[in-house]
Structure formats: structure tokens, C-alpha cells
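Undergrad: So that we are looking at the same thing, I have put the structure below in C-alpha cells.
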Amino acid sequence: MTEKNNSIKQIIDFRIEKMKKIRELGIEPYPHRFDPSHKSIEILSNFHKLENQTVCVAGRIMALRKMGKASFIHIKDGRGKIQIFIKKDNVGENVYDLFNLTDIGDFIGIDGFVFKTRVGEISISAQKFTVLSKSIRPLPIVKEKDEEVYDAFKDKELRYRNRHLDLIVNDESRETFIKRTKIVNEIRNTLNSKHFMEVETPVLQPIYGGANARPFTTYHNALDQNLFLRIADELYLKRLIIGGLEKVYEMSKDFRNEGMDRNHNPEFTMLEFYWAYADYLDCMNLVEELIRNAAKAIGGFKIKWGEYEIDLSQKFEKKSFYQLLEEETGSDLSKIKKDEMLELCNVNSIKIDKNSNVGQILDSLMSNLVEPKLINPTFVIDYPKSISPLAKLKRDGSVDIVERFELFIGGAEFANSFSELNDPLDQRSRLEEQSKLKDQGDEEAHPIDEEFIKAIEVGMPPTGGVGIGIDRLVMLLTNNRWIRDVILFPTMKLEKD
């Protein structure tokens with residue numbers, strides 16, 4: 001046993017002895033319920049009304065200063081922290097003896113009156129003390145001075161593996177997840193107000209589709225067949241449009257069996273919505289509104305993103321895919337050959353397989369040369385057909401350009417949208433092209449989904465569709481640069497013994 005583990009075991013043993021002593025006093029250290037009257041923030045915000053009034057609060061002990069016959073503690077509840085003053089003469093010897101069996105990490109309940117200390121800190125003078133849960137395992141060491149944390153639980157790996165501890169000791173982390181809930185709620189509110197219907201579609205699918213990605217594969221014993229964890233919700237949501245549900249959305253977990261980095265987690269949250277009789281221009285306006293409303297819900301339109309300050313109140317820019325590439329390379333890539341594109345990759349030190357198709361080369365050039373420079377909100381519109389197999393051709397008669405946009409902010413992608421392809425013959429042809437790519441070794445190409453094609457053959461109205469990565473949006477609006485910082489329980493490699 002390591003020295004650290006030995007030390008923790010000694011602490012646990014010592015605290016278990018305290019727990020036993022509490023029970024010897026005839027007190028249950030894990031009661032069934034408690035009924036606080038106020039949260040800490042309510043008392044701190046309404047001191048002028050509550051001064052000298054009796055309140056009842058509950059929370060976890062985060063700081064403890066024992067001074068003989070009187071002590072100061074700080075407890076933390078779901079809304080903040082407040083100081084408690086407990087004096088032997090006020091609570092009685094028996095209660096104070098009970099208090100002396102408490103430790104940092106314990107949950108307690110306090111009945112007492114609100115007052116200010118001589119240094120002006122709003123506090124509660126305890127008249128009654130209740131043990132609500134005895135903590136036998138110590139919290140990470142956190143020290144405070146003048147209300148500033150200077151030795152917090154900073155190791156990110158440990159924080160991700162022990163999110164419960166992270167939320168206890170890191171207020172910034174707790175605030176991020178509170179904001180995440182507000183963002184998600186506001187997105188739902190906006191869509192619901194526009195009469196979109198929230199639906200649920202299968203997580204386990206016989207054919208995966210709706211994105212270029214590698215799936216997770218599983219096996220169903222009773223059906224005796226392979227199933228896939230969904231990589232996107234698109235093909236099922238479109239079937240609902242075909243079925244007459246004209247505005248639908250789903251906010252759900254999707255799964256992609258790919259690499260992990262600051263922007264990617266194998267399990268992630270996506271919003272997809274589909275809107276009958278609309279196109280990608282209508283969707284563009286709604287996406288802008290959704291993001292603005294979400295930003296407003298947690299504080300305002302001006303956000304920090306690393307070194308940048310971004311103003312979401314300004315109208316988002318629109319620039320075409322090929323226009324941006326031409327501005328960056330000086331060449332109209334819609335008119336040059338594959339060999340010239342590969343040379344551009346070489347000149348710009350972009351590693352790419354020479355057997356890559358034109359769409360993959362264009363995508364690499366865009367992601368390496370252009371996207372990192374799109375700091376202010378920018379809709380990149382009108383993509384090559386070769387990398388957009390589910391989008392309609394541009395209505396101006398172009399044969400190689402589709403009506404698609406991706407939204408970039410701070411150099412990262414946040415939304416993807418199409419004027420959805422609803423021509424069943426064209427859809428079959430494009431999926432057959434994707435199938436050929438798959439046969440050639442492209443593991444992210446779309447398979448052919450015959451059931452989906454049959455559904456489109458029944459007839460799908462003109463439709464606009466959008467996908468928004470919720471985790472990335474939360475990253476943006478809370479100024480977190482790693483996706484693991486906005487997912488409560490990110491995927492982690494098992495620790496070795």
C-alpha cells in the first residue's frame with residue numbers, strides 16, 4: 001500500500017470511529033430527510049429582511065475553524081456558501097460535543113438566526129445542529145484565503161474521473177454545468193415556441209447513416225443480427241417529416257467510433273431539427289436566433305473565447321465555400337484538377353493520402369487553411385456535392401454545388417445544415433456513390449439504407465434540416481476549450497491498477 005493510500009485509510013478509519021461515537025450518543029448520522037427553509041444565496045441577498053430572523057439551512061462543511069468553546073464553519077449548498085457560527089453556550093454541551101465529531105465534507109443542518117460578524121460577514125448563529133451525512137472519505141485538499149481558492153482540485157484527469165469531487169470543490173466547474181442546463185432549456189424553449197415537436201428515435205439502428213463517421217457495432221442475441229449505435233438522427237427524423245410531422249427535433253446522444261481530442265468525445269449530444277417547406281436559408285436564420293437566445297440566457301451576447309471577444313449580437317456573416325478557399329489560396333478550386341489540389345496540400349504542409357477523392361481533398365484544405373481563421377460567426381455556404389450526399393443541388397442550376405451551410409465561430413464548427421435532398425432517384429444515386437467509396441476503404445462513407453430510400457419514394461416535402469453540436473456550443477458560450485470540461489462524465493480509458 002502506498003504512503004498516500006495508507007494515509008487515506010487512516011483518515012477513513014478515524015472518521016468511522018467518529019461515526020460510531022455519534023451512534024453511541026443515540027443519534028443516526030444518516031437520517032432520512034431534512035427540511036431547510038432557505039438557500040445560502042437567499043440569505044446573502046436578503047440580509048436586510050432576514051437579519052435576526054430564524055432560518056434553517058443545510059449543506060456540506062467546506063471549511064472548519066474550531067476555537068475551544070466556539071467555532072466558525074462554512075457550508076456549501078446547491079446555490080453557494082454561507083458562514084455558520086456555533087458556540088457551546090448557545091447550543092449546549094451535548095450538541096457541541098456532537099459538533100466536535102464532525103469533519104470537512106460532512107453534511108449538516110443548522111437552525112439559527114441571521115447576523116453580521118464584527119468584520120461584516122453575513123452569517124448564521126447556530127441554535128440547533130443536525131448531522132445529515134457523515135463523510136468518511138476526505139475531500140481533495142482545498143485551501144481558501146480571503147475567499148480565493150489557491151490550492152484547488154486542479155488535476156484535470158482526476159477531475160474527469162471524479163466529477164463528484166470536481167463539482168464539490170470547483171465552483172467554475174459547477175457553474176459550467178448549471179449554464180449548460182440553461183442553454184439546453186433555452187434551445188428547447190425557442191423550438192417549442194415555434195411549434196417544433198420534440199421526438200425520440202432509435203439509438204440502436206440496423207443501418208447507420210446521416211453523417212460521415214465510423215459507428216460502434218453491437219450484437220442483438222434475440223434478433224441474431226448486428227446493430228449500430230446511431231451516428232446521427234437524420235434519417236429517422238426525415239421519415240417523420242414524410243409522415244406529416246412538419247416540424248420535429250431531437251436532442252440526443254450520438255456515438256462515433258473515432259479519435260478523441262479537445263473537440264471530440266465518442267459519446268456526445270446533438271440537436272437535429274427538420275422543418276417542412278423550409279430551406280437552408282430559413283434554417284440559417286433560426287440557428288442564429290437559437291444561439292443568440294442561448295447566449296442571452298446565461299449572461300449576454302458578448303462572449304470570451306480564449307484570447308478573443310466575440311459579439312453574437314451582430315448579424316452573422318455569409319461566405320461561400322469556394323470563395324473562402326480562393327481568398328486563402330488565390331485559386332478557384334472549383335475549376336482546378338485533383339493533381340493541382342494535391343500540390344496545394346503539399347505546399348501548405350497538409351498531409352493527405354494521394355488516393356483521397358476530390359471531396360476529401362477540398363475538405364482538408366478548408367479545415368486546415370480556412371476554418372481556424374473564422375473567428376467571428378460565419379456561415380460557410382454552398383458546398384461541393386461530393387462531400388454533401390444528403391443536400392439538394394443549388395437552385396441556380398449548378399451541378400456540383402449543394403445548398404448547405406456550416407456555422408463557424410472562434411475557428412470551430414457549430415452547426416451543419418442542408419436544403420434536404422428529397423428526390424429519391426438522386427438520393428439513391430448519391431448513396432450508391434458513397435457505397436463505392438466505402439468499398440474503396442472509406443470507413444466514414446454512408447452505407448445504402450433501402451428503408452430510408454423507400455420512405456422518400458413515398459414523397460418528402462421541401463425540407464430544411466440542421467444539426468448542432470450541443471457540447472461544442474456549451475464550450476463556446478462558457479469559454480471552455482476542452483469538450484471534457486462540458487460533459488459531466490466524459491469517456492475515459494480505464495485506469496491501470
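Letters for chains follow the order of the C-alpha cells (A, B, ...), residue numbers begin at 1 for each chain, and ligand numbers begin at 1 in the order shown.
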Please give the complete set of residues from segment 91-309 of chain A that DSSP, run on the backbone, assigns to strand (DSSP E or B), formatted as an MDAnalysis selection string.

TA: chainID A and resid 107:116 122:133 144:145 148:149 197:198 204:205 217:220 225:229 247:255 261 264 267:276 302:305 308:309

Undergrad: Would you kindly return, as a list in words, each protein, DNA or RNA residue with an atom no farther than 12 Å from any atom of Ser135 of chain A, considering only C-alpha atoms and excluding same-chain residues fewer than 6 positions away?

TA: Ile11, Ile12, Asp13, Phe14, Arg15, Ile16, Glu17, Lys18, Met19, Pro29, Tyr30, Arg60, Ile61, Met62, Leu101, Thr102, Asp103, Ile104, Gly105, Asp106, Phe107 and Ile108 of chain A

Undergrad: Next, write the just-selected residues to a file, as an mmCIF file, in the first residue's frame, keeping N, CA and C atoms as the atom set.

TA:
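The resulting out34.cif:
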data_model
loop_
_atom_site.group_PDB
_atom_site.id
_atom_site.type_symbol
_atom_site.label_atom_id
_atom_site.label_comp_id
_atom_site.auth_asym_id
_atom_site.auth_seq_id
_atom_site.Cartn_x
_atom_site.Cartn_y
_atom_site.Cartn_z
ATOM 1 N N ILE A 11 -7.326 8.059 7.747
ATOM 2 C CA ILE A 11 -8.374 9.082 7.879
ATOM 3 C C ILE A 11 -9.749 8.426 7.894
ATOM 4 N N ILE A 12 -9.960 7.478 6.983
ATOM 5 C CA ILE A 12 -11.251 6.796 6.914
ATOM 6 C C ILE A 12 -11.529 6.054 8.220
ATOM 7 N N ASP A 13 -10.533 5.345 8.726
ATOM 8 C CA ASP A 13 -10.711 4.609 9.989
ATOM 9 C C ASP A 13 -11.058 5.576 11.127
ATOM 10 N N PHE A 14 -10.374 6.713 11.172
ATOM 11 C CA PHE A 14 -10.614 7.706 12.226
ATOM 12 C C PHE A 14 -12.039 8.253 12.128
ATOM 13 N N ARG A 15 -12.486 8.501 10.903
ATOM 14 C CA ARG A 15 -13.839 9.049 10.727
ATOM 15 C C ARG A 15 -14.908 8.005 11.029
ATOM 16 N N ILE A 16 -14.626 6.759 10.717
ATOM 17 C CA ILE A 16 -15.577 5.702 11.068
ATOM 18 C C ILE A 16 -15.742 5.616 12.582
ATOM 19 N N GLU A 17 -14.655 5.803 13.307
ATOM 20 C CA GLU A 17 -14.746 5.816 14.769
ATOM 21 C C GLU A 17 -15.636 6.969 15.242
ATOM 22 N N LYS A 18 -15.506 8.127 14.602
ATOM 23 C CA LYS A 18 -16.373 9.259 14.951
ATOM 24 C C LYS A 18 -17.834 8.923 14.671
ATOM 25 N N MET A 19 -18.067 8.263 13.520
ATOM 26 C CA MET A 19 -19.431 7.873 13.177
ATOM 27 C C MET A 19 -20.007 6.960 14.254
ATOM 28 N N PRO A 29 -26.416 9.131 12.135
ATOM 29 C CA PRO A 29 -25.637 10.067 11.312
ATOM 30 C C PRO A 29 -26.089 10.115 9.851
ATOM 31 N N TYR A 30 -27.103 9.312 9.493
ATOM 32 C CA TYR A 30 -27.623 9.322 8.122
ATOM 33 C C TYR A 30 -29.151 9.336 8.162
ATOM 34 N N ARG A 60 -22.898 21.071 2.906
ATOM 35 C CA ARG A 60 -21.667 20.332 3.195
ATOM 36 C C ARG A 60 -20.637 21.255 3.841
ATOM 37 N N ILE A 61 -19.991 20.792 4.900
ATOM 38 C CA ILE A 61 -18.938 21.587 5.543
ATOM 39 C C ILE A 61 -17.737 21.683 4.602
ATOM 40 N N MET A 62 -17.345 22.911 4.273
ATOM 41 C CA MET A 62 -16.217 23.134 3.372
ATOM 42 C C MET A 62 -15.027 23.765 4.080
ATOM 43 N N LEU A 101 -17.505 16.067 16.596
ATOM 44 C CA LEU A 101 -17.309 14.811 15.874
ATOM 45 C C LEU A 101 -17.476 14.982 14.364
ATOM 46 N N THR A 102 -17.642 16.239 13.935
ATOM 47 C CA THR A 102 -17.820 16.499 12.501
ATOM 48 C C THR A 102 -16.479 16.817 11.840
ATOM 49 N N ASP A 103 -16.468 16.701 10.504
ATOM 50 C CA ASP A 103 -15.270 16.958 9.698
ATOM 51 C C ASP A 103 -15.668 17.698 8.430
ATOM 52 N N ILE A 104 -14.664 18.263 7.773
ATOM 53 C CA ILE A 104 -14.897 18.833 6.440
ATOM 54 C C ILE A 104 -15.423 17.718 5.531
ATOM 55 N N GLY A 105 -16.476 18.006 4.817
ATOM 56 C CA GLY A 105 -17.122 17.025 3.948
ATOM 57 C C GLY A 105 -18.451 16.544 4.477
ATOM 58 N N ASP A 106 -18.684 16.658 5.784
ATOM 59 C CA ASP A 106 -19.961 16.229 6.360
ATOM 60 C C ASP A 106 -21.095 17.142 5.902
ATOM 61 N N PHE A 107 -22.277 16.559 5.732
ATOM 62 C CA PHE A 107 -23.494 17.347 5.539
ATOM 63 C C PHE A 107 -24.126 17.596 6.901
ATOM 64 N N ILE A 108 -24.520 18.842 7.130
ATOM 65 C CA ILE A 108 -25.158 19.194 8.400
ATOM 66 C C ILE A 108 -26.364 20.097 8.148
#

Undergrad: Per DSSP on the backbone, what are the helix (DSSP H, G or I) residues of segment 231-471 of chain A, as number ranges by chain?

TA: A: 234-242, 280-297, 321-329, 338-347, 358-373, 385-387, 424-439, 450-458, 470-471

Undergrad: Got a sec: who's within 12 Å of Pro461 of chain A, counting only C-alpha atoms, leaving out chain neighbours fewer than 3 positions off, as a list in words?

TA: Lys238, Arg239, Leu240, Ile241, Ile242, Gly243, Gly244, Leu245, Glu246, Lys247, Tyr274, Trp275, Ala276, Tyr277, Ala278, Asp279, Ser419, Glu420, Leu421, Asn422, Asp423, Pro424, Ala455, Ile456, Glu457, Val458 and Gly464 of chain A

Undergrad: Which residues are near segment 372-378 of chain A? Cut-off 9 Å, only C-alpha atoms, ignore same chain within fewer than 3 positions. Put them as a list of chain:residue names.

TA: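 Near segment 372-378 of chain A, the qualifying residues are A:Tyr308, A:Ile310, A:Asp311, A:Leu312, A:Gln314, A:Lys315, A:Phe316, A:Glu317, A:Lys318, A:Lys319, A:Ser367, A:Asn368, A:Leu369, A:Glu406, A:Leu407, A:Phe408, A:Ile409, A:Gly410, A:Gly411, A:Ala412.
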
Undergrad: Got a sec: who's within 6 Å of Val248 of chain A, counting only C-alpha atoms, leaving out chain neighbours fewer than 2 positions off, as a PyMOL selection string?

TA: chain A and resi 196-198+273-274

Undergrad: Please produce a file of those selected residues containing N, CA, C and O atoms, as a JSON list (two decimals), in the first residue's frame.

TA:
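Ended up saving to selection-v3.json:
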[["chain", "number", "residue", "atom", "x", "y", "z"],
["A", 196, "PHE", "N", -42.20, 23.44, -32.94],
["A", 196, "PHE", "CA", -41.48, 22.20, -33.24],
["A", 196, "PHE", "C", -41.87, 21.16, -32.20],
["A", 196, "PHE", "O", -42.13, 21.48, -31.03],
["A", 197, "MET", "N", -41.89, 19.93, -32.62],
["A", 197, "MET", "CA", -42.30, 18.81, -31.77],
["A", 197, "MET", "C", -41.06, 18.01, -31.39],
["A", 197, "MET", "O", -40.33, 17.54, -32.27],
["A", 198, "GLU", "N", -40.81, 17.84, -30.10],
["A", 198, "GLU", "CA", -39.67, 17.03, -29.67],
["A", 198, "GLU", "C", -40.03, 15.56, -29.75],
["A", 198, "GLU", "O", -41.09, 15.13, -29.27],
["A", 273, "PHE", "N", -32.89, 19.29, -36.04],
["A", 273, "PHE", "CA", -34.29, 19.63, -36.30],
["A", 273, "PHE", "C", -34.53, 19.67, -37.80],
["A", 273, "PHE", "O", -33.64, 19.99, -38.59],
["A", 274, "TYR", "N", -35.76, 19.33, -38.16],
["A", 274, "TYR", "CA", -36.18, 19.30, -39.57],
["A", 274, "TYR", "C", -37.48, 20.05, -39.71],
["A", 274, "TYR", "O", -38.38, 19.94, -38.87]]

Undergrad: I want to know what sits within 10 Å of Asn257 of chain A, based on only C-alpha atoms, with residues of the same chain fewer than 3 positions away left out; could you give that as number ranges by chain?

TA: A: 213-217, 229, 231, 260, 265-267

Undergrad: Now that the selection is made, can you save its residues with N, CA, C and O atoms as a compact mmCIF listing (two decimals), in the first residue's frame?

TA:
# COMPACT_ATOMS: atom_id res chain seq x y z
N ALA A 213 -19.12 8.97 -40.65
CA ALA A 213 -18.47 8.60 -39.39
C ALA A 213 -18.45 7.09 -39.25
O ALA A 213 -19.26 6.38 -39.84
N ARG A 214 -17.52 6.60 -38.43
CA ARG A 214 -17.46 5.17 -38.11
C ARG A 214 -18.36 4.90 -36.92
O ARG A 214 -18.32 5.61 -35.92
N PRO A 215 -19.18 3.83 -37.00
CA PRO A 215 -20.10 3.54 -35.91
C PRO A 215 -19.52 2.57 -34.88
O PRO A 215 -18.53 1.88 -35.14
N PHE A 216 -20.17 2.51 -33.72
CA PHE A 216 -19.96 1.41 -32.78
C PHE A 216 -20.91 0.29 -33.18
O PHE A 216 -22.07 0.53 -33.50
N THR A 217 -20.41 -0.94 -33.16
CA THR A 217 -21.20 -2.10 -33.55
C THR A 217 -21.49 -2.96 -32.33
O THR A 217 -20.62 -3.16 -31.47
N LEU A 229 -24.86 1.66 -32.89
CA LEU A 229 -25.24 2.87 -32.15
C LEU A 229 -25.30 4.02 -33.15
O LEU A 229 -24.39 4.18 -33.97
N ILE A 231 -25.08 7.25 -35.32
CA ILE A 231 -24.10 8.32 -35.51
C ILE A 231 -24.80 9.65 -35.75
O ILE A 231 -24.18 10.71 -35.67
N MET A 260 -10.28 10.81 -30.23
CA MET A 260 -10.69 11.72 -29.17
C MET A 260 -9.68 12.86 -29.09
O MET A 260 -8.48 12.63 -29.11
N ASN A 265 -15.63 13.66 -28.41
CA ASN A 265 -15.82 12.60 -27.43
C ASN A 265 -16.67 11.53 -28.11
O ASN A 265 -17.58 11.87 -28.88
N PRO A 266 -16.40 10.23 -27.90
CA PRO A 266 -17.16 9.20 -28.63
C PRO A 266 -18.67 9.28 -28.41
O PRO A 266 -19.45 8.93 -29.28
N GLU A 267 -19.09 9.74 -27.23
CA GLU A 267 -20.49 9.92 -26.90
C GLU A 267 -20.73 11.41 -26.75
O GLU A 267 -20.06 12.07 -25.95

Undergrad: Here is a test: counting only C-alpha atoms, which residue of A:Leu281, A:Leu477, A:Leu227, A:Ile352 is nearest to Phe301 of chain A?

TA: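 Among the listed residues, the smallest separation from Phe301 of chain A belongs to A:Leu477.
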
Undergrad: Which residues of segment 142-254 of chain A come within 12 Å of segment 76-81 of chain A, and for each one, what is the closest pair of atoms and their distance in Å to one decimal, counting only C-alpha atoms, sorted by chain and residue number, as CSV?

TA:
residue,atom,partner,partner_atom,distance
A:Glu147,CA,A:Lys81,CA,10.5
A:Leu167,CA,A:Gly78,CA,10.3
A:Ile168,CA,A:Lys76,CA,8.5
A:Val169,CA,A:Lys76,CA,9.8
A:Asn170,CA,A:Gly80,CA,11.7
A:Asp171,CA,A:Gly80,CA,8.8
A:Glu172,CA,A:Gly80,CA,11.9
A:Arg174,CA,A:Gly78,CA,9.4
A:Glu175,CA,A:Arg79,CA,9.9
A:Ile178,CA,A:Arg79,CA,10.3

Undergrad: May I have the selected residues written with all heavy atoms, as a short mmCIF file (atom, residue, chain, number, x, y, z; two decimals), in the first residue's frame?

TA:
data_model
loop_
_atom_site.label_atom_id
_atom_site.label_comp_id
_atom_site.auth_asym_id
_atom_site.auth_seq_id
_atom_site.Cartn_x
_atom_site.Cartn_y
_atom_site.Cartn_z
N GLU A 147 -11.39 34.38 0.66
CA GLU A 147 -12.37 33.84 -0.28
C GLU A 147 -11.78 33.45 -1.63
O GLU A 147 -12.50 33.16 -2.58
CB GLU A 147 -13.55 34.82 -0.48
CG GLU A 147 -14.32 35.09 0.80
CD GLU A 147 -15.57 35.90 0.56
OE1 GLU A 147 -15.79 36.35 -0.59
OE2 GLU A 147 -16.33 36.09 1.52
N LEU A 167 -17.17 18.82 -8.75
CA LEU A 167 -18.32 19.70 -8.52
C LEU A 167 -18.33 20.23 -7.09
O LEU A 167 -18.80 21.35 -6.84
CB LEU A 167 -19.62 18.95 -8.81
CG LEU A 167 -19.84 18.54 -10.27
CD1 LEU A 167 -21.04 17.63 -10.40
CD2 LEU A 167 -20.00 19.76 -11.17
N ILE A 168 -17.82 19.44 -6.16
CA ILE A 168 -17.80 19.89 -4.76
C ILE A 168 -16.82 21.04 -4.58
O ILE A 168 -17.13 22.04 -3.93
CB ILE A 168 -17.43 18.72 -3.82
CG1 ILE A 168 -18.56 17.70 -3.78
CG2 ILE A 168 -17.14 19.24 -2.40
CD1 ILE A 168 -18.17 16.39 -3.09
N VAL A 169 -15.61 20.90 -5.15
CA VAL A 169 -14.55 21.85 -4.79
C VAL A 169 -14.27 22.92 -5.85
O VAL A 169 -13.59 23.90 -5.55
CB VAL A 169 -13.24 21.10 -4.45
CG1 VAL A 169 -13.46 20.10 -3.34
CG2 VAL A 169 -12.67 20.40 -5.67
N ASN A 170 -14.77 22.75 -7.06
CA ASN A 170 -14.51 23.74 -8.11
C ASN A 170 -15.79 24.43 -8.54
O ASN A 170 -16.60 23.88 -9.29
CB ASN A 170 -13.85 23.07 -9.33
CG ASN A 170 -12.39 22.75 -9.07
OD1 ASN A 170 -11.61 23.60 -8.68
ND2 ASN A 170 -12.01 21.49 -9.29
N ASP A 171 -15.97 25.65 -8.06
CA ASP A 171 -17.18 26.40 -8.38
C ASP A 171 -17.31 26.68 -9.88
O ASP A 171 -18.41 26.74 -10.41
CB ASP A 171 -17.21 27.72 -7.60
CG ASP A 171 -17.45 27.49 -6.11
OD1 ASP A 171 -17.97 26.41 -5.76
OD2 ASP A 171 -17.10 28.38 -5.32
N GLU A 172 -16.17 26.86 -10.56
CA GLU A 172 -16.22 27.13 -12.01
C GLU A 172 -16.82 25.95 -12.75
O GLU A 172 -17.62 26.13 -13.68
CB GLU A 172 -14.81 27.41 -12.55
CG GLU A 172 -14.32 28.81 -12.27
CD GLU A 172 -12.99 29.07 -12.97
OE1 GLU A 172 -12.61 28.30 -13.87
OE2 GLU A 172 -12.33 30.06 -12.60
N ARG A 174 -18.89 23.66 -11.51
CA ARG A 174 -20.31 23.62 -11.17
C ARG A 174 -21.09 24.65 -11.99
O ARG A 174 -22.16 24.34 -12.54
CB ARG A 174 -20.47 23.90 -9.67
CG ARG A 174 -21.93 23.98 -9.21
CD ARG A 174 -21.99 24.52 -7.79
NE ARG A 174 -21.47 23.55 -6.85
CZ ARG A 174 -22.19 22.97 -5.91
NH1 ARG A 174 -23.47 23.26 -5.78
NH2 ARG A 174 -21.66 22.12 -5.08
N GLU A 175 -20.54 25.85 -12.12
CA GLU A 175 -21.21 26.90 -12.87
C GLU A 175 -21.34 26.54 -14.34
O GLU A 175 -22.35 26.85 -14.99
CB GLU A 175 -20.44 28.22 -12.71
CG GLU A 175 -21.12 29.43 -13.30
CD GLU A 175 -22.47 29.76 -12.68
OE1 GLU A 175 -22.70 29.37 -11.51
OE2 GLU A 175 -23.30 30.37 -13.37
N ILE A 178 -24.31 24.24 -14.64
CA ILE A 178 -25.56 24.98 -14.45
C ILE A 178 -25.89 25.75 -15.72
O ILE A 178 -27.05 25.76 -16.19
CB ILE A 178 -25.42 25.94 -13.25
CG1 ILE A 178 -25.37 25.14 -11.94
CG2 ILE A 178 -26.59 26.93 -13.21
CD1 ILE A 178 -25.03 25.97 -10.72
#

Undergrad: Report, in Å with one decimal, the straight-line distance from atom CA of Pro389 of chain A to atom CA of Ala415 of chain A.

TA: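 That distance, rounded to one decimal, is 16.7 Å.
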